[in-house]
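Q: Dropping the structure in here first, questions after.
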Amino acid sequence: MITEMLIWSIFLAQILLVLAMGCAVIRILRGPRAQDRVVGLDTLYVNATMLLLVFGIRTTSTLYFEAALIIALLGFVSTAAIAKFLMRGEVIE
Amino acid sequence: MTHLAELPSWAALLTALLLLLGAALALIGSFGLLRFGSFYERIHAPTLGSTLGIGFVLIASMLFFSVLRSRPVLHEVLITALMVVTTPITLMLLARAALYRDRTEGNDDVPPSV
C-alpha cells in the first residue's frame, strides 16, 4: 500500500518535472532575446538534474547520480560561458 | 521496483512527500519563467527550482538511499554544494550581461549606470 503510494508519487514527480522542462523549452524557443533563451537553458539543466535524481530513486541505482552531477557541472560552465559571451562578445579574452 | 518494498513506511512517506514538493516547486518556477513579462522579472522565477526544488529532491535521495542501505549515503552533498555555489554566480553574470546589453542599446526601462 505505502510502496504503491511511493511508486505513484515518483511517477507524478517525473510528470511534473517533464512539464517543467517543457516550460523551459518553450521559453528557449520563444526568446525573445538571447538572455531569455540562456535563462531557459539554465532552468532546463536544473530540471534535468532533478529528473535524473528521481530516476535514480525509481531504479534504486546510484548510477544516475554521476550523470546528474555531470549535468549540473556542465550547466554551470555553459551558462557562465554564454553570459560572458553576451557581455563581451568573446568567451576567453 | 522490488527494492522499494524493503523501505520502512515512514521513510517511504517522507521520500514521496519531499519528491512531490521538489518537483512541484520546479514546475512553479519554470511556469513563472514562461509567464513573466520582462527578462528582469523572469530571471527570479527559476531560482525557486534551483534552490528549494533541487534541495528537496536531494534530501529525498539522501534519505532514501541511507535508509535502504542502512548506512549514510551522502554523496548527493556534492550536487548540493555545487548548486549552492554556482546558481548565484550564473544568474548574476546573466543579469549583468543583460543590463550591459540593454544599456548599450539605449533601452529606456533599465536604470542608468552609477
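Scheme for the C-alpha cells: letters A, B, ... for chains in order shown; per-chain residue numbers from 1; ligand numbers from 1 in order shown.
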Using only C-alpha atoms, which residues of chain B come within 8 Å of chain A, and what is the closest atom pair for each, with the distance in Å to one decimal? Give it as a Markdown table, sorted by chain and residue number.
A:
| residue | atom | partner | partner_atom | distance |
| --- | --- | --- | --- | --- |
| B:Met1 | CA | A:Thr59 | CA | 6.8 |
| B:His3 | CA | A:Thr60 | CA | 7.0 |
| B:Leu4 | CA | A:Thr3 | CA | 6.4 |
| B:Ala5 | CA | A:Thr3 | CA | 5.7 |
| B:Ser9 | CA | A:Ile2 | CA | 6.3 |
| B:Ala12 | CA | A:Leu6 | CA | 6.1 |
| B:Leu13 | CA | A:Leu6 | CA | 7.0 |
| B:Thr15 | CA | A:Leu6 | CA | 7.6 |
| B:Ala16 | CA | A:Leu6 | CA | 5.4 |
| B:Leu17 | CA | A:Ser9 | CA | 7.9 |
| B:Leu19 | CA | A:Ala13 | CA | 6.3 |
| B:Leu20 | CA | A:Ala13 | CA | 5.3 |
| B:Ala23 | CA | A:Ala13 | CA | 5.3 |
| B:Ala24 | CA | A:Leu16 | CA | 6.4 |
| B:Ala26 | CA | A:Ala20 | CA | 6.4 |
| B:Leu27 | CA | A:Ala20 | CA | 4.4 |
| B:Ile28 | CA | A:Ala20 | CA | 7.7 |
| B:Gly29 | CA | A:Ala20 | CA | 7.9 |
| B:Ser30 | CA | A:Ala20 | CA | 5.3 |
| B:Phe31 | CA | A:Cys23 | CA | 6.0 |
| B:Leu33 | CA | A:Ala24 | CA | 7.2 |
| B:Leu34 | CA | A:Arg27 | CA | 5.8 |
| B:Phe39 | CA | A:Asp36 | CA | 6.3 |
| B:Arg42 | CA | A:Asp36 | CA | 7.9 |
| B:Ile43 | CA | A:Val39 | CA | 6.7 |
| B:Pro46 | CA | A:Thr43 | CA | 6.1 |
| B:Gly49 | CA | A:Val46 | CA | 7.5 |
| B:Ser50 | CA | A:Val46 | CA | 6.2 |
| B:Ile54 | CA | A:Met50 | CA | 6.1 |
| B:Val57 | CA | A:Met50 | CA | 6.7 |
| B:Leu58 | CA | A:Leu53 | CA | 7.5 |
| B:Ser61 | CA | A:Ile57 | CA | 6.4 |
| B:Phe64 | CA | A:Ile57 | CA | 7.3 |
| B:Phe65 | CA | A:Thr60 | CA | 7.7 |
| B:Glu76 | CA | A:Phe65 | CA | 7.6 |
| B:Leu78 | CA | A:Leu69 | CA | 7.7 |
| B:Ile79 | CA | A:Leu69 | CA | 5.9 |
| B:Leu82 | CA | A:Leu73 | CA | 7.5 |
| B:Met83 | CA | A:Ala72 | CA | 7.5 |
| B:Thr86 | CA | A:Phe76 | CA | 6.2 |
| B:Thr87 | CA | A:Phe76 | CA | 7.6 |
| B:Ile89 | CA | A:Ala80 | CA | 7.8 |
| B:Thr90 | CA | A:Ala80 | CA | 5.5 |
| B:Leu93 | CA | A:Ala83 | CA | 5.9 |
| B:Leu94 | CA | A:Ala83 | CA | 5.1 |
| B:Arg96 | CA | A:Met87 | CA | 7.7 |
| B:Ala97 | CA | A:Met87 | CA | 4.6 |
| B:Ala98 | CA | A:Gln35 | CA | 6.3 |
| B:Tyr100 | CA | A:Met87 | CA | 6.7 |
| B:Arg101 | CA | A:Met87 | CA | 7.0 |
Q: Just the helix (DSSP H, G or I) stuff from chain B, please, per backbone DSSP, written as a ChimeraX atom specification.
A: /B:3-6,9-35,39-42,47-69,77-104
Q: Residues as selected, C-alpha atoms, written as a PDB file, in the first residue's frame, can you do that?
A:
ATOM      1  CA  HIS B   3      13.750  -2.852  -3.666  1.00  0.00           C
ATOM      2  CA  LEU B   4      11.149  -0.209  -2.936  1.00  0.00           C
ATOM      3  CA  ALA B   5       9.131  -2.653  -0.814  1.00  0.00           C
ATOM      4  CA  GLU B   6      12.046  -3.101   1.622  1.00  0.00           C
ATOM      5  CA  SER B   9       6.848   3.097   5.682  1.00  0.00           C
ATOM      6  CA  TRP B  10       7.925   6.331   7.407  1.00  0.00           C
ATOM      7  CA  ALA B  11      10.881   6.662   5.035  1.00  0.00           C
ATOM      8  CA  ALA B  12       8.683   5.912   2.016  1.00  0.00           C
ATOM      9  CA  LEU B  13       6.149   8.523   3.108  1.00  0.00           C
ATOM     10  CA  LEU B  14       8.821  11.162   3.698  1.00  0.00           C
ATOM     11  CA  THR B  15      10.580  10.391   0.399  1.00  0.00           C
ATOM     12  CA  ALA B  16       7.324  10.650  -1.553  1.00  0.00           C
ATOM     13  CA  LEU B  17       6.424  13.936   0.144  1.00  0.00           C
ATOM     14  CA  LEU B  18       9.839  15.514  -0.465  1.00  0.00           C
ATOM     15  CA  LEU B  19       9.919  14.357  -4.101  1.00  0.00           C
ATOM     16  CA  LEU B  20       6.466  15.765  -4.844  1.00  0.00           C
ATOM     17  CA  LEU B  21       7.285  19.046  -3.104  1.00  0.00           C
ATOM     18  CA  GLY B  22      10.561  19.429  -5.001  1.00  0.00           C
ATOM     19  CA  ALA B  23       9.017  18.599  -8.372  1.00  0.00           C
ATOM     20  CA  ALA B  24       6.068  20.941  -7.747  1.00  0.00           C
ATOM     21  CA  LEU B  25       8.426  23.792  -6.850  1.00  0.00           C
ATOM     22  CA  ALA B  26      10.441  23.157 -10.019  1.00  0.00           C
ATOM     23  CA  LEU B  27       7.241  23.257 -12.072  1.00  0.00           C
ATOM     24  CA  ILE B  28       6.102  26.510 -10.405  1.00  0.00           C
ATOM     25  CA  GLY B  29       9.489  28.077 -11.098  1.00  0.00           C
ATOM     26  CA  SER B  30       9.531  27.008 -14.752  1.00  0.00           C
ATOM     27  CA  PHE B  31       5.930  28.152 -15.200  1.00  0.00           C
ATOM     28  CA  GLY B  32       6.924  31.541 -13.821  1.00  0.00           C
ATOM     29  CA  LEU B  33       9.774  31.621 -16.341  1.00  0.00           C
ATOM     30  CA  LEU B  34       7.165  31.063 -19.040  1.00  0.00           C
ATOM     31  CA  ARG B  35       4.594  33.574 -17.764  1.00  0.00           C
ATOM     32  CA  PHE B  39      13.681  39.482 -18.573  1.00  0.00           C
ATOM     33  CA  TYR B  40      14.378  41.013 -15.137  1.00  0.00           C
ATOM     34  CA  GLU B  41      11.180  39.500 -13.737  1.00  0.00           C
ATOM     35  CA  ARG B  42      11.847  36.218 -15.490  1.00  0.00           C
ATOM     36  CA  THR B  47      15.627  30.122  -8.710  1.00  0.00           C
ATOM     37  CA  LEU B  48      12.662  28.538  -6.911  1.00  0.00           C
ATOM     38  CA  GLY B  49      13.543  25.260  -8.636  1.00  0.00           C
ATOM     39  CA  SER B  50      17.306  25.604  -8.351  1.00  0.00           C
ATOM     40  CA  THR B  51      17.303  26.266  -4.595  1.00  0.00           C
ATOM     41  CA  LEU B  52      14.348  24.726  -2.750  1.00  0.00           C
ATOM     42  CA  GLY B  53      13.245  22.353  -5.512  1.00  0.00           C
ATOM     43  CA  ILE B  54      16.546  20.613  -6.056  1.00  0.00           C
ATOM     44  CA  GLY B  55      17.206  20.806  -2.295  1.00  0.00           C
ATOM     45  CA  PHE B  56      14.070  18.780  -1.510  1.00  0.00           C
ATOM     46  CA  VAL B  57      14.857  16.222  -4.221  1.00  0.00           C
ATOM     47  CA  LEU B  58      18.432  15.835  -2.948  1.00  0.00           C
ATOM     48  CA  ILE B  59      17.236  15.385   0.655  1.00  0.00           C
ATOM     49  CA  ALA B  60      14.724  12.774  -0.572  1.00  0.00           C
ATOM     50  CA  SER B  61      17.507  10.924  -2.438  1.00  0.00           C
ATOM     51  CA  MET B  62      19.849  11.011   0.570  1.00  0.00           C
ATOM     52  CA  LEU B  63      17.110   9.777   2.917  1.00  0.00           C
ATOM     53  CA  PHE B  64      16.001   7.044   0.514  1.00  0.00           C
ATOM     54  CA  PHE B  65      19.451   5.556  -0.103  1.00  0.00           C
ATOM     55  CA  SER B  66      20.581   5.950   3.534  1.00  0.00           C
ATOM     56  CA  VAL B  67      17.558   4.069   4.875  1.00  0.00           C
ATOM     57  CA  LEU B  68      17.666   1.450   2.110  1.00  0.00           C
ATOM     58  CA  ARG B  69      21.378   0.634   2.505  1.00  0.00           C
ATOM     59  CA  VAL B  77      26.003  16.654  -0.836  1.00  0.00           C
ATOM     60  CA  LEU B  78      28.339  17.171  -3.836  1.00  0.00           C
ATOM     61  CA  ILE B  79      25.451  18.338  -6.034  1.00  0.00           C
ATOM     62  CA  THR B  80      24.073  20.452  -3.164  1.00  0.00           C
ATOM     63  CA  ALA B  81      27.414  22.235  -2.721  1.00  0.00           C
ATOM     64  CA  LEU B  82      27.720  22.706  -6.486  1.00  0.00           C
ATOM     65  CA  MET B  83      24.241  24.213  -6.801  1.00  0.00           C
ATOM     66  CA  VAL B  84      24.697  26.487  -3.772  1.00  0.00           C
ATOM     67  CA  VAL B  85      27.943  27.864  -5.207  1.00  0.00           C
ATOM     68  CA  THR B  86      27.000  28.075  -8.889  1.00  0.00           C
ATOM     69  CA  THR B  87      23.371  29.309  -9.010  1.00  0.00           C
ATOM     70  CA  PRO B  88      24.064  32.871  -7.754  1.00  0.00           C
ATOM     71  CA  ILE B  89      27.159  33.141  -9.965  1.00  0.00           C
ATOM     72  CA  THR B  90      25.384  32.202 -13.197  1.00  0.00           C
ATOM     73  CA  LEU B  91      22.320  34.350 -12.543  1.00  0.00           C
ATOM     74  CA  MET B  92      24.400  37.370 -11.527  1.00  0.00           C
ATOM     75  CA  LEU B  93      26.572  37.013 -14.639  1.00  0.00           C
ATOM     76  CA  LEU B  94      23.454  36.752 -16.804  1.00  0.00           C
ATOM     77  CA  ALA B  95      21.722  39.732 -15.202  1.00  0.00           C
ATOM     78  CA  ARG B  96      24.841  41.871 -15.593  1.00  0.00           C
ATOM     79  CA  ALA B  97      25.220  40.807 -19.232  1.00  0.00           C
ATOM     80  CA  ALA B  98      21.555  41.647 -19.936  1.00  0.00           C
ATOM     81  CA  LEU B  99      21.902  45.015 -18.188  1.00  0.00           C
ATOM     82  CA  TYR B 100      25.015  45.794 -20.204  1.00  0.00           C
ATOM     83  CA  ARG B 101      23.276  44.868 -23.456  1.00  0.00           C
ATOM     84  CA  ASP B 102      20.198  46.961 -22.611  1.00  0.00           C
ATOM     85  CA  ARG B 103      22.336  49.974 -21.713  1.00  0.00           C
ATOM     86  CA  THR B 104      24.467  49.846 -24.834  1.00  0.00           C
TER      87      THR B 104
END
Q: To one decimal place, how far is CA of Pro72 (chain B) from CA of Leu7 (chain B) in Å?
A: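 A separation of 14.8 Å between them.
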Q: Just give me the gap between CA of His75 (chain B) and CA of Ala67 (chain A) in Å, one decimal is fine.
A: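 Separation between CA of His75 (chain B) and CA of Ala67 (chain A): 12.9 Å.
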